[in-house]
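Pasted below: input-v8.tsv, TSV, C-alpha atoms and all ligand atoms.
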chain	number	residue	atom	x	y	z
G	1	MET	CA	8.34	16.41	-27.91
G	2	LYS	CA	7.62	13.53	-25.60
G	3	ARG	CA	5.67	14.35	-22.45
G	4	ARG	CA	8.51	13.45	-20.12
G	5	ASN	CA	11.05	15.55	-22.00
G	6	PHE	CA	8.68	18.45	-22.07
G	7	ILE	CA	8.19	18.27	-18.33
G	8	LYS	CA	11.91	17.96	-17.71
G	9	ASN	CA	12.64	20.96	-19.90
G	10	ALA	CA	9.86	22.95	-18.33
G	11	SER	CA	11.20	22.36	-14.86
G	12	LEU	CA	14.70	23.32	-15.91
G	13	THR	CA	13.79	26.53	-17.64
G	14	GLY	CA	10.95	27.73	-15.49
G	15	ILE	CA	8.55	27.36	-18.41
G	16	GLY	CA	6.49	25.08	-16.18
G	17	LEU	CA	5.40	27.91	-13.97
G	18	ALA	CA	4.24	30.13	-16.79
G	19	VAL	CA	2.46	27.32	-18.57
G	20	THR	CA	0.76	26.25	-15.41
G	21	THR	CA	-0.85	29.58	-14.80
G	22	ASN	CA	-2.76	29.12	-18.01
G	23	LEU	CA	-3.45	25.46	-17.48
G	24	THR	CA	-4.83	25.73	-14.01
G	25	SER	CA	-7.46	28.10	-15.26
G	26	CYS	CA	-8.72	25.46	-17.70
G	27	SER	CA	-11.56	23.50	-16.22
G	28	GLU	CA	-10.51	20.26	-17.88
G	29	LYS	CA	-7.28	18.80	-16.56
G	30	THR	CA	-5.57	16.09	-18.53
G	31	PRO	CA	-2.88	13.92	-16.97
G	32	GLU	CA	-0.34	16.00	-18.90
G	33	THR	CA	-1.56	19.26	-17.40
G	34	ASN	CA	-1.66	17.70	-13.96
G	35	ASN	CA	1.93	16.72	-14.29
G	36	ILE	CA	3.00	20.18	-15.27
G	37	ILE	CA	1.16	21.57	-12.27
G	38	ALA	CA	3.23	19.28	-10.07
G	39	VAL	CA	6.33	20.89	-11.50
G	40	ALA	CA	5.00	24.39	-10.99
G	41	ASN	CA	3.84	23.73	-7.45
G	42	LYS	CA	7.36	22.58	-6.76
G	43	VAL	CA	6.26	19.41	-5.09
G	44	SER	CA	9.43	18.02	-3.69
G	45	LEU	CA	10.21	14.70	-5.29
G	46	PRO	CA	10.90	11.91	-4.65
G	47	LEU	CA	8.04	11.25	-2.30
G	48	VAL	CA	7.15	8.05	-0.44
G	49	ILE	CA	4.00	7.34	1.54
G	50	ALA	CA	3.01	4.24	3.48
G	51	THR	CA	0.21	2.93	5.61
G	52	TRP	CA	0.69	3.17	9.39
G	53	ASN	CA	3.72	4.40	11.30
G	54	VAL	CA	6.66	2.89	9.45
G	55	PRO	CA	9.42	5.54	9.42
G	56	ASN	CA	12.24	3.10	8.76
G	57	ALA	CA	10.50	1.71	5.69
G	58	THR	CA	9.68	5.07	4.10
G	59	LYS	CA	13.15	6.39	4.87
G	60	LYS	CA	14.76	3.40	3.22
G	61	ALA	CA	12.60	3.75	0.10
G	62	TRP	CA	13.28	7.47	-0.18
G	63	GLU	CA	17.02	6.97	0.20
G	64	VAL	CA	17.02	4.41	-2.58
G	65	LEU	CA	15.23	6.90	-4.83
G	66	GLN	CA	17.63	9.67	-3.88
G	67	THR	CA	20.59	7.53	-4.84
G	68	GLU	CA	19.22	6.83	-8.31
G	69	GLY	CA	17.64	3.50	-7.41
G	70	SER	CA	14.51	2.63	-9.40
G	71	LEU	CA	10.99	2.98	-8.07
G	72	LEU	CA	10.72	-0.78	-7.74
G	73	ASP	CA	14.05	-1.02	-5.91
G	74	ALA	CA	12.83	1.63	-3.50
G	75	LEU	CA	9.49	-0.02	-2.85
G	76	GLU	CA	10.98	-3.47	-2.52
G	77	GLN	CA	13.70	-2.38	-0.12
G	78	GLY	CA	11.29	-0.22	1.87
G	79	CYS	CA	8.87	-3.12	2.32
G	80	MET	CA	11.73	-5.47	3.17
G	81	VAL	CA	12.55	-3.39	6.23
G	82	GLU	CA	9.19	-4.29	7.77
G	83	GLU	CA	9.18	-7.86	6.46
G	84	ALA	CA	12.46	-8.50	8.29
G	85	ASP	CA	11.33	-6.80	11.51
G	86	ILE	CA	10.06	-9.54	13.78
G	87	LYS	CA	8.44	-6.95	16.04
G	88	ASN	CA	6.04	-6.14	13.25
G	89	GLN	CA	3.53	-8.95	13.67
G	90	SER	CA	1.49	-8.35	10.56
G	91	VAL	CA	4.19	-8.48	7.90
G	92	GLY	CA	6.81	-11.02	6.90
G	93	LYS	CA	8.85	-12.87	9.50
G	94	GLY	CA	7.19	-12.77	12.90
G	95	GLY	CA	3.74	-12.24	11.36
G	96	ARG	CA	0.81	-13.70	13.25
G	97	PRO	CA	-0.17	-17.10	11.89
G	98	ASP	CA	-3.46	-18.46	10.62
G	99	ARG	CA	-5.63	-20.48	13.00
G	100	ASP	CA	-3.54	-23.60	12.31
G	101	GLY	CA	-0.33	-21.87	13.33
G	102	ASN	CA	1.05	-21.29	9.82
G	103	VAL	CA	2.37	-17.87	8.83
G	104	THR	CA	1.17	-17.23	5.27
G	105	LEU	CA	2.17	-14.12	3.37
G	106	ASP	CA	0.47	-12.08	0.63
G	107	ALA	CA	2.17	-9.36	-1.41
G	108	CYS	CA	1.96	-7.49	-4.70
G	109	ILE	CA	3.76	-4.83	-6.66
G	110	MET	CA	2.76	-2.67	-9.64
G	111	ASN	CA	4.94	-0.56	-11.90
G	112	THR	CA	4.54	2.54	-14.05
G	113	LYS	CA	3.43	0.51	-17.07
G	114	GLY	CA	0.65	-1.29	-15.26
G	115	ASP	CA	2.62	-4.54	-15.00
G	116	CYS	CA	2.13	-6.36	-11.73
G	117	GLY	CA	3.14	-9.41	-9.75
G	118	ALA	CA	1.72	-11.07	-6.66
G	119	VAL	CA	2.12	-13.98	-4.29
G	120	VAL	CA	-0.67	-15.34	-2.11
G	121	ALA	CA	-0.69	-17.69	0.88
G	122	MET	CA	3.05	-18.23	0.63
G	123	GLN	CA	4.91	-19.82	3.55
G	124	ASN	CA	8.52	-19.97	4.73
G	125	ILE	CA	9.92	-17.05	2.70
G	126	THR	CA	10.42	-13.76	4.53
G	127	HIS	CA	10.52	-11.34	1.62
G	128	ALA	CA	7.19	-11.84	-0.09
G	129	ILE	CA	7.57	-8.50	-1.85
G	130	SER	CA	10.74	-9.69	-3.59
G	131	VAL	CA	8.96	-12.81	-4.79
G	132	ALA	CA	6.05	-10.70	-6.08
G	133	ARG	CA	8.52	-8.56	-8.01
G	134	LYS	CA	10.15	-11.63	-9.50
G	135	VAL	CA	6.75	-12.99	-10.52
G	136	MET	CA	6.20	-9.74	-12.42
G	137	GLU	CA	9.65	-9.55	-13.97
G	138	GLU	CA	10.62	-13.15	-14.51
G	139	THR	CA	7.46	-15.11	-15.26
G	140	PRO	CA	4.66	-14.73	-17.81
G	141	HIS	CA	2.14	-14.66	-14.92
G	142	VAL	CA	0.85	-12.10	-12.44
G	143	MET	CA	0.20	-14.33	-9.42
G	144	LEU	CA	1.63	-17.44	-7.80
G	145	ALA	CA	0.02	-19.17	-4.81
G	146	GLY	CA	1.11	-21.33	-1.90
G	147	LYS	CA	3.66	-24.02	-2.57
G	148	GLY	CA	4.16	-22.83	-6.15
G	149	ALA	CA	5.16	-19.38	-4.95
G	150	GLU	CA	7.46	-20.84	-2.29
G	151	ASN	CA	9.18	-23.20	-4.73
G	152	PHE	CA	9.57	-20.36	-7.24
G	153	ALA	CA	11.22	-18.22	-4.55
G	154	VAL	CA	13.63	-21.02	-3.67
G	155	SER	CA	14.42	-21.53	-7.36
G	156	LYS	CA	15.41	-17.84	-7.42
G	157	GLY	CA	17.86	-18.31	-4.56
G	158	MET	CA	15.74	-17.29	-1.58
G	159	LYS	CA	16.02	-19.38	1.51
G	160	ARG	CA	13.30	-21.14	3.45
G	161	GLU	CA	12.90	-19.96	7.04
G	162	ASN	CA	10.54	-20.60	9.89
G	163	LEU	CA	8.47	-17.40	10.00
G	164	LEU	CA	6.68	-18.20	13.27
G	165	THR	CA	8.57	-16.46	16.05
G	166	GLU	CA	8.27	-17.43	19.70
G	167	ALA	CA	6.28	-14.26	20.43
G	168	SER	CA	3.73	-14.90	17.68
G	169	LYS	CA	3.54	-18.58	18.61
G	170	LYS	CA	2.83	-17.75	22.23
G	171	GLU	CA	0.03	-15.32	21.30
G	172	TRP	CA	-1.47	-17.86	18.93
G	173	GLU	CA	-1.46	-20.54	21.64
G	174	GLU	CA	-3.25	-18.13	23.96
G	175	TRP	CA	-5.74	-17.40	21.22
G	176	LEU	CA	-6.34	-21.13	20.74
G	177	VAL	CA	-7.80	-21.41	24.24
G	178	LYS	CA	-10.97	-19.72	23.06
G	179	ALA	CA	-10.28	-19.75	19.34
G	180	ALA	CA	-12.75	-16.90	18.86
G	181	TYR	CA	-12.13	-15.14	15.59
G	182	LYS	CA	-12.79	-11.49	16.17
G	183	PRO	CA	-10.58	-9.02	14.35
G	184	ILE	CA	-9.47	-6.27	16.69
G	185	ILE	CA	-9.53	-2.86	15.09
G	186	ASN	CA	-6.05	-1.44	14.52
G	187	ILE	CA	-4.36	-4.16	16.51
G	188	GLU	CA	-4.31	-7.28	14.41
G	189	ASN	CA	-4.00	-5.10	11.38
G	190	HIS	CA	-1.31	-2.78	12.58
G	191	ASP	CA	1.65	-2.14	10.31
G	192	THR	CA	0.64	-4.02	7.19
G	193	ILE	CA	2.66	-2.19	4.62
G	194	GLY	CA	1.13	-0.47	1.66
G	195	MET	CA	3.67	1.82	0.04
G	196	LEU	CA	3.42	4.28	-2.86
G	197	ALA	CA	6.33	6.22	-4.33
G	198	ILE	CA	6.93	8.96	-6.89
G	199	ASP	CA	10.39	9.38	-8.31
G	200	LYS	CA	12.09	12.58	-9.46
G	201	ASN	CA	10.45	12.32	-12.87
G	202	GLY	CA	6.98	12.16	-11.39
G	203	ASP	CA	6.50	8.46	-12.15
G	204	ILE	CA	4.50	6.38	-9.70
G	205	SER	CA	4.60	2.75	-8.52
G	206	GLY	CA	3.28	0.85	-5.51
G	207	ALA	CA	3.68	-2.23	-3.34
G	208	CYS	CA	1.86	-4.04	-0.58
G	209	THR	CA	2.94	-6.83	1.78
G	210	THR	CA	1.21	-8.54	4.71
G	211	SER	CA	0.73	-11.68	6.73
G	212	GLY	CA	-2.99	-10.93	6.50
G	213	LEU	CA	-5.50	-11.05	9.28
G	214	ALA	CA	-4.33	-12.87	12.37
G	215	TYR	CA	-5.83	-16.34	12.93
G	216	LYS	CA	-7.56	-16.34	9.56
G	217	MET	CA	-8.85	-19.60	8.12
G	218	SER	CA	-6.18	-21.69	6.49
G	219	GLY	CA	-6.01	-20.67	2.82
G	220	ARG	CA	-7.70	-17.32	3.34
G	221	VAL	CA	-6.37	-14.53	1.10
G	222	GLY	CA	-7.31	-10.90	1.66
G	223	ASP	CA	-7.16	-7.80	-0.47
G	224	SER	CA	-3.47	-7.04	-0.16
G	225	PRO	CA	-2.14	-9.16	-3.05
G	226	ILE	CA	-5.16	-8.52	-5.28
G	227	ILE	CA	-4.44	-5.88	-7.89
G	228	GLY	CA	-7.27	-3.34	-7.87
G	229	SER	CA	-8.28	-4.20	-4.32
G	230	GLY	CA	-5.22	-3.90	-2.08
G	231	LEU	CA	-3.21	-1.84	-4.58
G	232	PHE	CA	-3.67	-0.03	-7.85
G	233	VAL	CA	-1.37	2.23	-9.84
G	234	ASP	CA	-2.14	4.23	-12.95
G	235	ASN	CA	0.93	6.27	-13.74
G	236	GLU	CA	-1.12	8.87	-15.60
G	237	ILE	CA	-3.43	9.49	-12.64
G	238	GLY	CA	-2.12	8.25	-9.30
G	239	ALA	CA	-2.10	5.26	-6.98
G	240	ALA	CA	-3.85	3.90	-3.91
G	241	VAL	CA	-3.28	1.16	-1.37
G	242	ALA	CA	-5.46	-0.31	1.36
G	243	THR	CA	-5.17	-1.81	4.81
G	244	GLY	CA	-7.64	-3.35	7.19
G	245	MET	CA	-10.42	-5.86	6.66
G	246	GLY	CA	-9.49	-7.22	3.26
G	247	GLU	CA	-12.85	-8.81	2.50
G	248	GLU	CA	-14.51	-5.40	2.55
G	249	VAL	CA	-11.85	-3.89	0.32
G	250	VAL	CA	-12.21	-6.72	-2.20
G	251	LYS	CA	-15.99	-6.33	-2.32
G	252	THR	CA	-15.62	-2.70	-3.38
G	253	VAL	CA	-12.42	-3.11	-5.46
G	254	GLY	CA	-11.17	-0.35	-3.22
G	255	SER	CA	-7.83	0.81	-4.59
G	256	PHE	CA	-9.02	0.78	-8.18
G	257	LEU	CA	-12.02	2.78	-7.05
G	258	VAL	CA	-9.81	5.41	-5.40
G	259	VAL	CA	-7.74	5.80	-8.56
G	260	GLU	CA	-10.83	6.00	-10.77
G	261	LEU	CA	-12.28	8.68	-8.50
G	262	MET	CA	-9.07	10.66	-8.88
G	263	ARG	CA	-9.36	10.22	-12.65
G	264	GLN	CA	-12.76	11.86	-12.41
G	265	GLY	CA	-11.17	14.88	-10.74
G	266	LYS	CA	-11.33	14.11	-7.03
G	267	SER	CA	-8.32	14.89	-4.87
G	268	PRO	CA	-6.60	11.91	-3.21
G	269	GLN	CA	-8.28	12.87	0.07
G	270	GLU	CA	-11.74	13.09	-1.48
G	271	ALA	CA	-11.22	9.83	-3.33
G	272	CYS	CA	-10.19	7.96	-0.17
G	273	GLU	CA	-13.21	9.36	1.67
G	274	GLU	CA	-15.59	8.33	-1.10
G	275	ALA	CA	-14.16	4.81	-1.22
G	276	ILE	CA	-14.64	4.43	2.55
G	277	LYS	CA	-18.20	5.68	2.19
G	278	ARG	CA	-18.87	2.95	-0.40
G	279	ILE	CA	-18.09	0.42	2.33
G	280	VAL	CA	-19.96	2.01	5.21
G	281	ASN	CA	-23.03	2.81	3.10
G	282	LYS	CA	-23.57	-0.76	1.96
G	283	PRO	CA	-26.81	-2.36	3.10
G	284	ASP	CA	-26.28	-4.07	6.46
G	285	SER	CA	-22.77	-2.71	6.70
G	286	ASN	CA	-21.07	-3.92	9.83
G	287	HIS	CA	-18.40	-1.25	9.74
G	288	GLU	CA	-18.48	-0.54	13.50
G	289	ASN	CA	-16.64	-3.82	13.87
G	290	PHE	CA	-13.81	-3.52	11.38
G	291	GLN	CA	-11.25	-1.07	10.16
G	292	VAL	CA	-10.38	-0.14	6.57
G	293	GLY	CA	-7.93	2.58	5.64
G	294	TYR	CA	-6.75	3.96	2.30
G	295	ILE	CA	-3.85	6.14	1.33
G	296	ALA	CA	-3.48	7.69	-2.12
G	297	VAL	CA	-1.25	9.95	-4.16
G	298	ASN	CA	-1.97	11.72	-7.43
G	299	LYS	CA	0.21	12.86	-10.27
G	300	ASN	CA	0.54	16.29	-8.64
G	301	GLY	CA	2.19	14.69	-5.63
G	302	GLU	CA	-0.85	15.46	-3.47
G	303	THR	CA	-1.65	12.78	-0.92
G	304	GLY	CA	-4.68	11.67	1.06
G	305	SER	CA	-5.66	9.13	3.68
G	306	TYR	CA	-8.90	8.15	5.34
G	307	SER	CA	-10.27	5.29	7.41
G	308	ILE	CA	-13.44	4.08	9.07
G	309	HIS	CA	-12.16	4.20	12.65
G	310	LYS	CA	-9.68	6.49	14.29
G	311	ASP	CA	-6.01	5.70	14.82
G	312	PHE	CA	-5.12	4.90	11.25
G	313	SER	CA	-2.11	6.87	10.09
G	314	MET	CA	0.08	7.52	7.07
G	315	THR	CA	3.84	7.97	7.03
G	316	LYS	CA	5.17	10.40	4.44
G	317	TYR	CA	8.82	10.83	3.58
G	318	GLN	CA	9.61	13.96	1.63
G	319	ASN	CA	12.46	16.48	1.63
G	320	GLY	CA	14.58	14.11	3.70
G	321	LYS	CA	12.01	14.10	6.51
G	322	ASN	CA	9.55	11.60	7.90
G	323	GLU	CA	6.12	12.65	9.01
G	324	ASN	CA	3.50	10.35	10.53
G	325	LYS	CA	0.05	11.86	10.37
G	326	GLN	CA	-3.15	10.58	11.90
G	327	SER	CA	-5.78	10.11	9.21
G	328	ASP	CA	-9.15	11.67	9.28
G	329	TYR	CA	-11.85	9.04	9.75
G	330	TYR	CA	-15.52	8.31	9.26
G	331	LEU	CA	-16.74	7.30	12.71
G	332	LYS	CA	-16.02	10.57	14.48
G	333	GLN	CA	-19.14	10.26	16.63
G	334	SER	CA	-17.84	7.04	18.18
G	335	SER	CA	-14.51	8.46	19.28
O	401	LIG	N1	-5.69	-6.07	4.40
O	401	LIG	C1	-5.04	-7.19	5.05
O	401	LIG	C2	-5.86	-8.42	4.85
O	401	LIG	O1	-7.07	-8.35	4.85
O	401	LIG	C3	-4.84	-7.00	6.47
O	401	LIG	C4	-4.28	-5.71	6.91
O	401	LIG	O2	-4.19	-4.77	6.19
O	401	LIG	O3	-3.91	-5.65	8.05
O	401	LIG	O4	-5.28	-9.47	4.76

What is this file in structure tokens?
Amino acid sequence: MKRRNFIKNASLTGIGLAVTTNLTSCSEKTPETNNIIAVANKVSLPLVIATWNVPNATKKAWEVLQTEGSLLDALEQGCMVEEADIKNQSVGKGGRPDRDGNVTLDACIMNTKGDCGAVVAMQNITHAISVARKVMEETPHVMLAGKGAENFAVSKGMKRENLLTEASKKEWEEWLVKAAYKPIINIENHDTIGMLAIDKNGDISGACTTSGLAYKMSGRVGDSPIIGSGLFVDNEIGAAVATGMGEEVVKTVGSFLVVELMRQGKSPQEACEEAIKRIVNKPDSNHENFQVGYIAVNKNGETGSYSIHKDFSMTKYQNGKNENKQSDYYLKQSS
């Protein structure tokens, strides 16, 4: 019997519970046993988690899953909520520009089979996540950059728009007076969307979309569209997504690291903590001056989140309810 059918049958007949009692006492957990445990623990699925306080986005994604939409539909539509919200100045339309005044977007998406798509440094198209999905589904490539990504989006029927709103333009002009590039913890980064979802069958996918760090150098690309850094999904194990100072996440291949740590048996919480420690324990780490946060989910439906500084949070939508929870963090002594 195929794994998925077995799990389905187990959940229907109650076999899952009985089987799990035996399996949990085994010291070695395989992905299959983990999945059965999820059934027995009655983790309520679907489940959606996202970086920061984004209740509208998680709600949208969960509703799509509830109404039989696919994981990718849910993630795409959830991310689109924030991309279209001009009050969110770190994602999509209304995002803060680079130092030359151009809003450039990065996004990626990864499915249950390990397929992925990404766009980097793309201008003039609000829904970067939709373009990333189309790169995955409709091209032989995994990543398109700049003008190529924009032209591809237009060829797929998306319309060009000016993404620089008056509010973001005004802030940028004020910034230009001194033009000092100094990322502000939790402010410039706030609301970049990393979203992970599990559907009713226990399958996992993820997505990430951002306008990147405010006032970055022209052409700068962070971690968010880089598979393994900003996002990684292994449907047998779990998934992770990052936010914050992308350069530091890239240097430690952060999201892949979190998933690999879960593969080795760590809980999502432990894995996020370990991945943050990799950053702060580097020689000459400058972590007092930047934020990085991870969220993760495993095949059991357990979740975790952790950051360097305080005030990072995760939104979880489960059982028809949103919950935004402050993450535990590394620099407790400085709070
Ligand atoms: N990680 C993003 C980047 O470095 C920024 C963020 O999450 O706010 O571009």

Expressed in Å to a single decimal, how great is the separation between CA of Val54 (chain G) and CA of Lys93 (chain G)? 15.9 Å

Can you work out the spacing between CA of Phe256 (chain G) and CA of Met143 (chain G) in Å, to one decimal?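 Straight-line distance from CA of Phe256 (chain G) to CA of Met143 (chain G) works out to 17.7 Å.
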
What's the separation between CA of Lys332 (chain G) and CA of Ser307 (chain G), in Å to one decimal place? 10.5 Å

Taking only C-alpha atoms into account, which of G:Ser155, G:Ser327, G:Thr303, G:Asn322 comes nearest Lys59 (chain G)?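 Selected residue with least distance to Lys59 (chain G): G:Asn322.
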
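Near ligand LIG 401 (chain O), the residues found within 7 Å are G:Ser90, G:Glu188, G:Asn189, G:His190, G:Asp191, G:Thr192, G:Thr210, G:Ser211, G:Gly212, G:Leu213, G:Val221, G:Gly222, G:Asp223, G:Ser224, G:Gly230, G:Ala242, G:Thr243, G:Gly244, G:Met245, G:Gly246, G:Glu247 (criterion computed using all atoms listed in the file).
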
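The point (-12.4, -5.1, -5.8) has these residues within 12 Å of it when all atoms listed in the file are used: Gly222, Asp223, Ser224, Pro225, Ile226, Ile227, Gly228, Ser229, Gly230, Leu231, Phe232, Val241, Ala242, Gly246, Glu247, Glu248, Val249, Val250, Lys251, Thr252, Val253, Gly254, Ser255, Phe256, Leu257, Val258, Ala275, Arg278 and Ile279 of chain G.
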
Within 12 Å of (-15.7, 7.6, 6.8) (file coordinates; only C-alpha atoms), which protein or nucleic acid residues are there? I'd like them as a ChimeraX atom specification. /G:269-281,287-288,291-294,305-310,312,327-334

Residues within 6 Å of region 105-119 of chain G, all atoms listed in the file, excluding chain neighbours under 2 positions, as a PyMOL selection string: chain G and resi 121-122+128-129+132-133+135-136+142-145+204-211+225+235

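Compared by their closest atoms to Ser44 (chain G), and using all atoms listed in the file, the residues G:Gly78, G:Pro283, G:Gly101, G:Gly202 rank with G:Gly202 nearest.
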
Give me the residues within 8 Å of Ala57 (chain G) as a ChimeraX atom specification, counting only C-alpha atoms and dropping any in the same chain fewer than 2 places off. /G:54-55,59-61,77-82

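Candidate residues G:Ala149, G:Ala240, G:Val259, G:Ala179 were compared for distance to Ala197 (chain G), and the nearest is G:Ala240, using all atoms listed in the file.
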
Using all atoms listed in the file: which of G:Gln326, G:Pro140, G:Glu161, G:Arg99 has the shortest distance to His127 (chain G):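 Answer, going by the shortest atom-to-atom distance: G:Glu161.
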